[in-house]
file structure-v6.txt (compact mmCIF, C-alpha atoms)
# COMPACT_ATOMS: atom_id res chain seq x y z
CA MET A 1 213.12 41.29 88.70
CA PRO A 2 210.57 42.02 85.96
CA ARG A 3 209.61 39.34 83.48
CA GLN A 4 211.45 39.76 80.19
CA ALA A 5 210.91 38.34 76.71
CA ASP A 6 208.87 35.21 77.26
CA GLY A 7 206.83 35.07 74.10
CA LEU A 8 204.37 37.64 75.48
CA CYS A 9 206.33 40.89 75.50
CA PRO A 10 209.15 42.43 73.43
CA ALA A 11 212.75 41.51 74.18
CA GLU A 12 215.01 44.22 75.50
CA THR A 13 218.80 44.41 75.26
CA ARG A 14 220.42 45.96 78.28
CA THR A 15 224.01 46.94 78.99
CA ALA A 16 226.04 46.83 82.18
CA ARG A 17 229.51 47.97 83.16
CA VAL A 18 231.50 45.21 84.81
CA CYS A 19 235.11 44.68 85.86
CA GLU A 20 235.28 48.28 87.08
CA ALA A 21 238.76 47.68 88.50
CA GLY A 22 239.92 46.46 85.10
CA LEU A 23 240.05 43.06 83.41
CA ALA A 24 243.31 41.10 83.31
CA LEU A 25 243.40 39.16 80.04
CA ASP A 26 245.08 35.86 79.29
CA CYS A 27 247.37 37.58 76.76
CA GLY A 28 248.92 39.63 79.58
CA ARG A 29 247.24 42.90 78.72
CA ARG A 30 244.48 44.67 80.61
CA LEU A 31 241.19 46.30 79.66
CA GLU A 32 239.50 49.07 81.58
CA ALA A 33 235.91 48.50 82.73
CA VAL A 34 233.99 46.39 80.23
CA THR A 35 230.54 47.10 78.82
CA VAL A 36 228.49 43.93 78.32
CA ALA A 37 225.19 43.65 76.45
CA TYR A 38 222.69 41.12 77.77
CA GLU A 39 219.06 40.02 77.73
CA CYS A 40 217.05 38.05 80.27
CA TYR A 41 213.91 35.97 80.04
CA GLY A 42 211.71 34.68 82.84
CA ARG A 43 212.05 35.54 86.53
CA LEU A 44 214.92 35.13 88.94
CA ASN A 45 213.50 33.42 92.01
CA ALA A 46 214.01 34.59 95.59
CA ALA A 47 216.81 32.06 96.18
CA ARG A 48 218.51 33.20 92.93
CA ASP A 49 219.24 29.59 92.06
CA ASN A 50 217.18 29.14 88.87
CA ALA A 51 219.44 31.04 86.44
CA ILE A 52 220.59 29.50 83.17
CA LEU A 53 223.23 31.22 81.05
CA VAL A 54 223.01 30.57 77.30
CA CYS A 55 226.12 31.33 75.24
CA HIS A 56 226.07 32.30 71.57
CA ALA A 57 228.10 31.11 68.60
CA LEU A 58 230.65 33.06 66.58
CA SER A 59 228.44 35.76 65.05
CA GLY A 60 225.56 35.72 67.51
CA GLY A 61 224.66 38.23 70.16
CA ALA A 62 222.72 38.74 73.36
CA HIS A 63 219.35 38.54 71.56
CA ALA A 64 218.60 34.85 72.08
CA ALA A 65 214.80 34.79 72.33
CA GLY A 66 211.65 36.81 71.81
CA ARG A 67 211.39 39.68 69.35
CA HIS A 68 212.62 43.22 69.61
CA GLN A 69 209.98 45.87 69.13
CA GLY A 70 209.07 45.97 65.44
CA ALA A 71 211.43 43.13 64.50
CA SER A 72 210.32 40.38 62.12
CA LYS A 73 212.72 37.72 63.37
CA PRO A 74 213.10 36.30 66.89
CA GLY A 75 216.33 35.64 68.75
CA TRP A 76 218.78 32.97 67.63
CA TRP A 77 217.54 30.28 70.09
CA ASP A 78 213.90 31.29 70.36
CA VAL A 79 212.83 27.74 69.46
CA LEU A 80 214.30 26.49 72.76
CA ILE A 81 213.78 29.45 75.12
CA GLY A 82 210.33 30.40 76.38
CA PRO A 83 207.31 29.14 78.32
CA GLY A 84 207.08 25.36 78.09
CA LYS A 85 210.19 25.09 75.90
CA ALA A 86 213.44 23.29 76.70
CA PHE A 87 214.72 26.29 78.66
CA ASP A 88 211.36 26.93 80.27
CA THR A 89 210.99 30.57 81.28
CA ASP A 90 208.08 29.65 83.55
CA ARG A 91 210.66 27.77 85.61
CA TYR A 92 214.07 29.27 84.83
CA PHE A 93 215.61 32.72 84.56
CA VAL A 94 217.51 32.61 81.26
CA LEU A 95 220.38 35.03 80.71
CA SER A 96 222.17 35.69 77.42
CA SER A 97 225.10 38.05 76.91
CA ASN A 98 227.20 39.18 73.98
CA VAL A 99 230.81 38.00 74.26
CA LEU A 100 233.92 40.11 74.75
CA GLY A 101 235.40 40.98 71.35
CA SER A 102 232.09 40.94 69.49
CA CYS A 103 230.26 43.91 67.97
CA TYR A 104 226.74 43.72 69.40
CA GLY A 105 227.09 45.93 72.45
CA THR A 106 229.89 44.29 74.44
CA THR A 107 233.37 45.81 74.39
CA GLY A 108 235.23 44.82 71.25
CA PRO A 109 237.54 46.19 68.55
CA SER A 110 234.85 48.54 67.21
CA SER A 111 234.25 50.02 70.69
CA ILE A 112 235.67 53.38 71.70
CA ASP A 113 239.06 53.20 73.41
CA PRO A 114 238.78 55.53 76.42
CA ALA A 115 242.48 56.37 76.09
CA SER A 116 242.15 57.78 72.57
CA GLY A 117 238.44 58.49 72.08
CA ARG A 118 238.56 56.46 68.85
CA PRO A 119 237.65 52.84 68.04
CA TYR A 120 240.19 50.35 69.34
CA GLY A 121 240.76 48.75 65.94
CA SER A 122 244.19 47.09 65.87
CA ARG A 123 244.87 48.26 69.43
CA PHE A 124 242.28 45.91 70.87
CA PRO A 125 244.00 43.06 72.73
CA VAL A 126 243.66 39.43 71.67
CA VAL A 127 241.05 37.70 73.84
CA THR A 128 240.33 34.07 74.69
CA ILE A 129 237.30 31.98 75.53
CA GLY A 130 238.49 32.19 79.13
CA ASP A 131 238.39 36.00 78.96
CA MET A 132 234.84 35.86 77.62
CA VAL A 133 233.84 33.69 80.56
CA LYS A 134 235.47 36.12 83.02
CA VAL A 135 233.19 38.87 81.71
CA GLN A 136 230.15 36.58 81.91
CA ARG A 137 231.06 35.71 85.50
CA ALA A 138 231.29 39.41 86.34
CA LEU A 139 227.82 39.97 84.85
CA VAL A 140 226.37 37.01 86.74
CA ASP A 141 227.92 38.32 89.97
CA SER A 142 226.46 41.78 89.36
CA LEU A 143 222.99 40.20 89.24
CA GLY A 144 223.53 38.56 92.61
CA ILE A 145 223.69 35.02 91.22
CA GLY A 146 226.19 32.84 93.05
CA ARG A 147 225.68 29.56 91.20
CA LEU A 148 224.17 28.93 87.79
CA ARG A 149 221.58 26.22 87.36
CA ALA A 150 223.11 25.53 83.96
CA VAL A 151 225.33 26.96 81.25
CA ALA A 152 224.37 26.02 77.70
CA GLY A 153 225.57 26.75 74.20
CA GLY A 154 226.45 25.38 70.79
CA SER A 155 229.58 25.77 68.66
CA MET A 156 231.63 28.62 70.19
CA GLY A 157 228.88 28.85 72.81
CA GLY A 158 229.57 25.23 73.73
CA MET A 159 233.22 26.10 74.31
CA GLN A 160 232.14 28.81 76.73
CA ALA A 161 229.89 26.35 78.55
CA LEU A 162 232.75 23.86 78.91
CA GLN A 163 235.11 26.62 80.02
CA TRP A 164 232.68 27.64 82.78
CA ALA A 165 232.84 24.13 84.25
CA VAL A 166 236.63 24.20 84.28
CA GLN A 167 237.26 27.84 85.18
CA TYR A 168 234.51 28.26 87.79
CA PRO A 169 233.66 24.70 88.90
CA ASP A 170 231.83 25.84 92.03
CA ALA A 171 229.58 28.21 90.08
CA VAL A 172 227.97 25.73 87.67
CA GLN A 173 225.46 23.00 88.48
CA SER A 174 225.13 21.59 84.96
CA VAL A 175 226.43 22.08 81.43
CA VAL A 176 224.68 21.60 78.07
CA ALA A 177 227.23 21.62 75.23
CA LEU A 178 226.14 21.13 71.64
CA ALA A 179 228.08 20.73 68.38
CA THR A 180 231.37 21.86 69.85
CA SER A 181 234.90 20.71 70.63
CA PRO A 182 237.44 20.67 73.47
CA ARG A 183 240.02 22.01 70.99
CA HIS A 184 240.14 22.86 67.31
CA SER A 185 241.57 20.34 64.89
CA PRO A 186 244.13 21.46 62.26
CA GLN A 187 241.31 21.47 59.68
CA GLN A 188 239.20 23.84 61.77
CA ILE A 189 242.16 26.15 62.35
CA ALA A 190 242.87 26.08 58.61
CA PHE A 191 239.34 27.17 57.72
CA ASN A 192 239.56 30.04 60.20
CA GLU A 193 242.95 31.13 58.87
CA ILE A 194 241.61 31.28 55.31
CA ALA A 195 238.72 33.41 56.57
CA ARG A 196 241.08 35.75 58.40
CA ARG A 197 243.35 36.06 55.35
CA ALA A 198 240.35 36.92 53.20
CA VAL A 199 239.61 39.86 55.52
CA MET A 200 243.20 40.99 55.93
CA SER A 201 243.84 40.82 52.16
CA ASP A 202 241.10 43.38 51.53
CA PRO A 203 242.87 46.76 50.97
CA ASN A 204 240.15 48.44 53.03
CA TRP A 205 241.14 46.49 56.13
CA GLN A 206 243.95 49.00 56.73
CA GLY A 207 245.63 46.86 59.38
CA GLY A 208 242.41 46.86 61.38
CA ASP A 209 242.01 50.64 61.57
CA TYR A 210 239.28 51.19 58.98
CA TYR A 211 236.47 52.67 61.05
CA GLU A 212 236.76 56.18 59.62
CA GLY A 213 236.69 55.00 56.00
CA GLU A 214 235.50 52.17 53.79
CA ARG A 215 235.16 48.84 55.55
CA PRO A 216 236.63 45.57 54.21
CA ARG A 217 233.32 44.33 52.90
CA SER A 218 234.70 42.17 50.09
CA GLY A 219 237.08 40.33 52.39
CA LEU A 220 234.45 39.81 55.05
CA ALA A 221 231.98 38.55 52.44
CA LEU A 222 234.47 35.94 51.22
CA ALA A 223 235.15 34.86 54.78
CA ARG A 224 231.43 34.42 55.39
CA MET A 225 230.96 32.39 52.22
CA LEU A 226 233.67 29.99 53.35
CA GLY A 227 232.29 29.75 56.86
CA HIS A 228 228.76 29.19 55.67
CA VAL A 229 229.76 26.20 53.56
CA THR A 230 231.22 24.57 56.68
CA TYR A 231 227.91 25.03 58.51
CA LEU A 232 225.97 22.97 55.97
CA SER A 233 226.22 19.33 54.90
CA ASP A 234 226.77 17.71 51.52
CA THR A 235 223.42 15.90 51.69
CA GLY A 236 221.57 19.02 52.75
CA MET A 237 223.11 21.10 49.98
CA ARG A 238 222.30 18.47 47.36
CA ARG A 239 218.69 18.34 48.53
CA LYS A 240 218.28 22.10 48.67
CA PHE A 241 220.23 23.24 45.61
CA GLY A 242 221.30 20.30 43.51
CA ARG A 243 222.96 21.66 40.39
CA ARG A 244 220.05 23.94 39.56
CA LEU A 245 220.81 27.05 37.56
CA ARG A 246 219.33 30.47 38.23
CA THR A 247 219.93 31.42 34.60
CA ASP A 248 218.35 30.24 31.37
CA GLY A 249 220.97 27.63 30.57
CA VAL A 250 224.74 27.74 31.01
CA GLN A 251 226.15 31.21 30.28
CA TYR A 252 229.80 30.21 29.78
CA GLY A 253 231.02 32.97 32.05
CA PHE A 254 231.89 33.73 35.67
CA GLY A 255 228.69 35.29 36.93
CA ARG A 256 226.40 33.65 39.48
CA GLU A 257 224.71 30.89 37.53
CA PHE A 258 224.09 28.13 40.10
CA GLU A 259 221.50 28.49 42.84
CA VAL A 260 224.10 27.71 45.50
CA GLU A 261 226.24 30.61 44.25
CA SER A 262 223.32 32.98 44.58
CA TYR A 263 222.61 31.70 48.06
CA LEU A 264 226.19 32.30 49.23
CA GLU A 265 226.12 35.79 47.75
CA HIS A 266 222.91 36.57 49.61
CA GLN A 267 224.28 35.27 52.91
CA SER A 268 227.51 37.22 52.55
CA ARG A 269 225.71 40.50 51.75
CA ALA A 270 223.49 40.14 54.79
CA PHE A 271 226.47 39.33 56.99
CA VAL A 272 228.68 42.29 56.06
CA ASP A 273 225.80 44.63 56.86
CA ARG A 274 225.57 43.38 60.43
CA PHE A 275 228.99 42.17 61.54
CA ASP A 276 232.40 43.73 62.11
CA ALA A 277 235.41 42.33 60.24
CA ASN A 278 237.78 42.79 63.18
CA SER A 279 235.41 40.90 65.45
CA LEU A 280 235.59 37.97 63.03
CA LEU A 281 239.38 38.00 63.36
CA TYR A 282 239.39 38.19 67.14
CA LEU A 283 236.69 35.59 67.73
CA THR A 284 238.08 33.03 65.27
CA ARG A 285 241.49 33.41 66.91
CA ALA A 286 239.89 32.90 70.33
CA ILE A 287 238.27 29.62 69.31
CA ASP A 288 241.51 28.46 67.66
CA TYR A 289 243.38 29.09 70.92
CA PHE A 290 240.77 27.28 72.99
CA ASP A 291 242.04 24.04 74.55
CA LEU A 292 240.22 22.44 77.45
CA VAL A 293 243.21 20.24 78.33
CA PRO A 294 245.19 21.80 81.20
CA PRO A 295 248.95 22.31 80.65
CA GLY A 296 250.77 19.04 81.27
CA GLY A 297 247.47 17.25 81.94
CA THR A 298 244.77 15.30 80.18
CA LEU A 299 241.21 16.02 79.17
CA ARG A 300 240.09 13.92 82.11
CA ASP A 301 242.04 16.22 84.44
CA ALA A 302 240.00 19.19 83.19
CA PHE A 303 236.90 17.80 84.92
CA ARG A 304 238.40 16.72 88.24
CA ALA A 305 237.45 19.90 90.11
CA SER A 306 233.95 20.10 88.67
CA ASP A 307 230.87 18.71 90.38
CA ALA A 308 228.61 19.52 87.43
CA ALA A 309 226.46 17.15 85.39
CA PHE A 310 226.99 17.26 81.63
CA LEU A 311 224.82 16.81 78.56
CA PHE A 312 226.56 16.57 75.19
CA LEU A 313 224.62 16.67 71.92
CA THR A 314 226.23 16.07 68.54
CA PHE A 315 224.75 15.89 65.05
CA SER A 316 225.39 13.13 62.56
CA SER A 317 226.12 15.30 59.51
CA ASP A 318 228.18 17.96 61.30
CA TRP A 319 231.57 17.76 59.60
CA LEU A 320 232.83 21.04 61.11
CA TYR A 321 232.51 19.64 64.65
CA PRO A 322 232.19 15.89 64.05
CA PRO A 323 230.58 13.81 66.81
CA TYR A 324 233.90 12.28 67.89
CA HIS A 325 234.95 15.63 69.36
CA LEU A 326 232.28 15.55 72.06
CA GLU A 327 232.45 11.76 72.39
CA GLU A 328 235.99 12.32 73.62
CA VAL A 329 234.81 14.95 76.09
CA ALA A 330 231.98 12.72 77.32
CA ASP A 331 234.41 9.85 77.94
CA ALA A 332 236.79 12.13 79.82
CA ALA A 333 234.07 13.66 82.01
CA ARG A 334 232.66 10.22 82.77
CA ALA A 335 236.12 8.92 83.65
CA ALA A 336 236.48 11.85 86.06
CA GLY A 337 233.33 10.68 87.84
CA ARG A 338 230.93 13.22 86.44
CA PRO A 339 227.31 12.36 85.48
CA VAL A 340 227.21 12.44 81.69
CA GLY A 341 224.48 12.26 79.07
CA TYR A 342 225.49 11.94 75.42
CA ARG A 343 223.34 11.83 72.31
CA GLU A 344 224.06 11.94 68.58
CA VAL A 345 221.10 13.47 66.78
CA PRO A 346 220.41 12.19 63.24
CA SER A 347 220.27 15.22 61.00
CA GLU A 348 221.02 16.44 57.48
CA TYR A 349 221.49 20.07 58.53
CA GLY A 350 225.24 19.84 59.24
CA HIS A 351 226.63 22.15 61.89
CA ASP A 352 223.51 24.32 61.68
CA ALA A 353 221.56 21.45 63.23
CA PHE A 354 222.10 22.76 66.77
CA LEU A 355 219.99 25.78 65.80
CA LEU A 356 217.37 23.86 63.86
CA GLU A 357 216.75 20.39 65.30
CA HIS A 358 214.77 21.72 68.23
CA GLU A 359 212.16 18.94 68.17
CA ALA A 360 214.91 16.37 68.71
CA GLN A 361 216.81 18.39 71.30
CA GLU A 362 213.95 19.68 73.44
CA PRO A 363 212.90 16.47 75.25
CA VAL A 364 216.52 15.55 75.95
CA ILE A 365 217.46 18.97 77.34
CA ARG A 366 214.24 19.12 79.35
CA ALA A 367 214.87 15.71 80.91
CA PHE A 368 218.48 16.59 81.67
CA LEU A 369 217.56 19.81 83.45
CA ALA A 370 214.86 17.95 85.38
CA GLU A 371 217.58 15.72 86.85
CA GLY A 372 218.50 18.65 89.07
CA ASP A 373 214.99 19.79 89.93
CA GLY A 374 213.83 18.12 93.11
CA TYR A 375 216.73 15.82 93.90
CA ASN A 376 220.52 15.66 93.73
CA PRO A 377 221.65 14.50 90.27
CA TRP A 378 225.08 13.53 91.53
CA ARG A 379 223.66 10.54 93.37
CA HIS A 380 223.19 9.06 89.92
CA PRO A 381 226.42 8.00 88.21
CA SER A 382 224.86 7.96 84.75
CA LEU A 383 222.34 10.04 82.86
CA GLU A 384 221.95 7.49 80.10
CA SER A 385 218.30 7.06 81.04
CA LEU A 386 217.59 10.31 79.19
CA PRO A 387 215.12 9.83 76.34
CA PRO A 388 216.64 9.07 72.95
CA CYS A 389 216.63 11.78 70.32
CA PRO A 390 213.79 11.15 67.86
CA PRO A 391 214.56 11.48 64.14
CA PRO A 392 213.69 14.88 62.67
CA ALA A 393 210.11 15.28 61.56
CA ALA A 394 209.74 14.87 57.81
CA ALA A 395 208.28 18.34 57.44
CA THR A 396 211.43 19.96 58.81
CA ARG A 397 214.01 18.06 56.83
CA PRO A 398 215.87 19.68 53.93
CA GLY A 399 213.92 19.45 50.71
CA SER A 400 210.53 19.63 52.41
CA PRO A 401 208.25 22.34 50.98
CA SER A 402 207.66 23.73 54.48
CA ALA A 403 211.27 23.60 55.60
CA SER A 404 212.86 26.88 56.62
CA TRP A 405 216.27 25.99 55.27
CA PRO A 406 219.01 26.99 54.82
CA PRO A 407 218.76 29.13 57.92
CA SER A 408 220.08 32.57 58.62
CA VAL A 409 222.86 31.54 60.95
CA PRO A 410 223.53 33.92 63.85

call {"tool": "encode", "arguments": {"input": "structure-v6.txt", "output": "structure tokens"}}
result
Amino acid sequence: MPRQADGLCPAETRTARVCEAGLALDCGRRLEAVTVAYECYGRLNAARDNAILVCHALSGGAHAAGRHQGASKPGWWDVLIGPGKAFDTDRYFVLSSNVLGSCYGTTGPSSIDPASGRPYGSRFPVVTIGDMVKVQRALVDSLGIGRLRAVAGGSMGGMQALQWAVQYPDAVQSVVALATSPRHSPQQIAFNEIARRAVMSDPNWQGGDYYEGERPRSGLALARMLGHVTYLSDTGMRRKFGRRLRTDGVQYGFGREFEVESYLEHQSRAFVDRFDANSLLYLTRAIDYFDLVPPGGTLRDAFRASDAAFLFLTFSSDWLYPPYHLEEVADAARAAGRPVGYREVPSEYGHDAFLLEHEAQEPVIRAFLAEGDGYNPWRHPSLESLPPCPPPAAATRPGSPSASWPPSVP
């Protein structure tokens, strides 16, 4: 297989048709053959046993690394994917795909329904994290890969990584899950419901069938503003914005006067130009439904069939997915006899830290993956010998003149 985006050549998004016999969904409905968008980096070896699947967060896509021809920005995890990086493309074949229900090339509500010749819109079935993983498994199978060296992801991507270990335990050697949860708390569900209501309250939403007219831009913008606040931290926002005004003194009105207001407006405008409102509804519902605990069982039971090793990374200021969520998962996996590494990374970036704290994450992820290169990691009951996460370098912390923060979250 040809070398793909590795820091030396442009990235290329491909598409494949999978599930040609149809895809049975957890909701009881069925989709015809699914189109899935994906990118790959590095080379698949002759044994086809060096593949790593990276899974994106809510509004990400298949473009995880490298740059598309003429693009100014790299993929959403470019800092960790490439030659000599944590997911070393000189050693591993890294695969990234857009999830079912999204709007970046994989079948979703904005896709054409073959039965009507029009966008699915409200006719698109509700999907789950498990359904997304089914499509990923079909893509992996189509590439002739029987067992993944690792599955990795943060936030919603971390849920997919965990689901792989439970749904296809024989197909995963190791899991790297960052800033994620085994199930949403009531607070997380509440934030998502407010975001959905913002979209659905926009008159242009039209019950989800808006593709031939004006789109619900105002509702989607409000939803993004809310979501973006949850990605940041109080300390980070104070350092970056404080109470600084963008106007010459207080205006005693309701325009955008504070710097933080201008920032949220900018983020929301950029988001509505690139993302589909229905996809936001479907994907937030999918992550709200996600629950790693099997019916009638415990979290520990979820890991009994798996023989994978696990690395869990949390971030100290992440209040959307607080560290205790993955602490619970780490305890359950360890109790089920799985090799587990757990680290809490000190950071002021909030939930965004999993995209930004690459200097802290890289040595830990590299060491974890090395556990499986050259000897059997399951002979070792603990991975706690992994190097500790160093504190973030001063030059990359919020408030630093050279800091690229706040980020453009995928």

call {"tool": "atom_distance", "arguments": {"input": "structure-v6.txt", "atom1": "CA of Ile287 (chain A)", "atom2": "CA of Cys27 (chain A)"}}
result
14.2 Å

call {"tool": "closest_residue", "arguments": {"input": "structure-v6.txt", "among": "A:Tyr92, A:Phe191, A:Tyr211, A:Tyr38", "to": "Leu369 (chain A)", "atoms": "all atoms listed in the file"}}
result
A:Tyr92

call {"tool": "residues_around", "arguments": {"input": "structure-v6.txt", "residues": "Val151 (chain A)", "least_positions_apart": "6", "cutoff": "8 Å", "atoms": "all atoms listed in the file", "output": "MDAnalysis selection string"}}
result
chainID A and resid 52:55 161 164 172 174:176

call {"tool": "atom_distance", "arguments": {"input": "structure-v6.txt", "atom1": "CA of Asp273 (chain A)", "atom2": "CA of Leu220 (chain A)"}}
result
10.1 Å

call {"tool": "atom_distance", "arguments": {"input": "structure-v6.txt", "atom1": "CA of Gly130 (chain A)", "atom2": "CA of Gly22 (chain A)"}}
result
15.5 Å

call {"tool": "closest_residue", "arguments": {"input": "structure-v6.txt", "among": "A:Val340, A:Leu264, A:Met237, A:Ala353", "to": "Phe368 (chain A)", "atoms": "only C-alpha atoms"}}
result
A:Val340

call {"tool": "closest_residue", "arguments": {"input": "structure-v6.txt", "among": "A:Ala179, A:Arg244, A:Pro74, A:Val293", "to": "Ser317 (chain A)", "atoms": "all atoms listed in the file"}}
result
A:Ala179

call {"tool": "residues_around", "arguments": {"input": "structure-v6.txt", "residues": "Gln188 (chain A)", "least_positions_apart": "6", "cutoff": "9 Å", "atoms": "only C-alpha atoms", "output": "list in words"}}
result
Asp288, Leu320 and Tyr321 of chain A

call {"tool": "closest_atom_pairs", "arguments": {"input": "structure-v6.txt", "of": "region 253-297 of chain A", "to": "region 103-111 of chain A", "cutoff": "8 Å", "atoms": "all atoms listed in the file", "output": "Markdown table"}}
result
| residue | atom | partner | partner_atom | distance |
| --- | --- | --- | --- | --- |
| A:Phe275 | CA | A:Cys103 | CA | 6.8 |
| A:Asp276 | CA | A:Cys103 | CA | 6.2 |
| A:Asn278 | CA | A:Pro109 | CA | 6.4 |
| A:Ser279 | CA | A:Cys103 | CA | 6.5 |

call {"tool": "closest_residue", "arguments": {"input": "structure-v6.txt", "among": "A:Pro186, A:Tyr282, A:Glu265, A:Pro169", "to": "Ala309 (chain A)", "atoms": "only C-alpha atoms"}}
result
A:Pro169

call {"tool": "closest_residue", "arguments": {"input": "structure-v6.txt", "among": "A:Arg285, A:Arg29, A:Arg147, A:His68", "to": "Arg196 (chain A)", "atoms": "all atoms listed in the file"}}
result
A:Arg285

call {"tool": "residues_near_point", "arguments": {"input": "structure-v6.txt", "point": "(206.8, 28.6, 75.9)", "cutoff": "12 Å", "atoms": "all atoms listed in the file", "output": "list in words"}}
result
Ala5, Asp6, Gly7, Leu8, Tyr41, Gly42, Ala65, Gly66, Asp78, Val79, Leu80, Ile81, Gly82, Pro83, Gly84, Lys85, Ala86, Phe87, Asp88, Thr89, Asp90, Arg91, Tyr92 and Glu362 of chain A

call {"tool": "residues_near_point", "arguments": {"input": "structure-v6.txt", "point": "(232.7, 34.2, 55.5)", "cutoff": "10 Å", "atoms": "all atoms listed in the file", "output": "list in words"}}
result
Phe191, Asn192, Ile194, Ala195, Arg196, Ala198, Val199, Ser218, Gly219, Leu220, Ala221, Leu222, Ala223, Arg224, Met225, Leu226, Gly227, His228, Val229, Thr230, Leu264, Gln267, Ser268, Phe271, Val272, Ala277 and Leu280 of chain A

call {"tool": "residues_around", "arguments": {"input": "structure-v6.txt", "residues": "Gln160 (chain A)", "least_positions_apart": "3", "cutoff": "7 Å", "atoms": "all atoms listed in the file", "output": "list of chain:residue names"}}
result
A:Cys55, A:Ile129, A:Val133, A:Met156, A:Gly157, A:Gln163, A:Trp164

call {"tool": "write_last_selection", "arguments": {"input": "structure-v6.txt", "atoms": "C-alpha atoms", "output": "PDB file, in the frame of the given file"}}
result
ATOM      1  CA  CYS A  55     226.120  31.330  75.240  1.00  0.00           C
ATOM      2  CA  ILE A 129     237.300  31.980  75.530  1.00  0.00           C
ATOM      3  CA  VAL A 133     233.840  33.690  80.560  1.00  0.00           C
ATOM      4  CA  MET A 156     231.630  28.620  70.190  1.00  0.00           C
ATOM      5  CA  GLY A 157     228.880  28.850  72.810  1.00  0.00           C
ATOM      6  CA  GLN A 163     235.110  26.620  80.020  1.00  0.00           C
ATOM      7  CA  TRP A 164     232.680  27.640  82.780  1.00  0.00           C
TER       8      TRP A 164
END
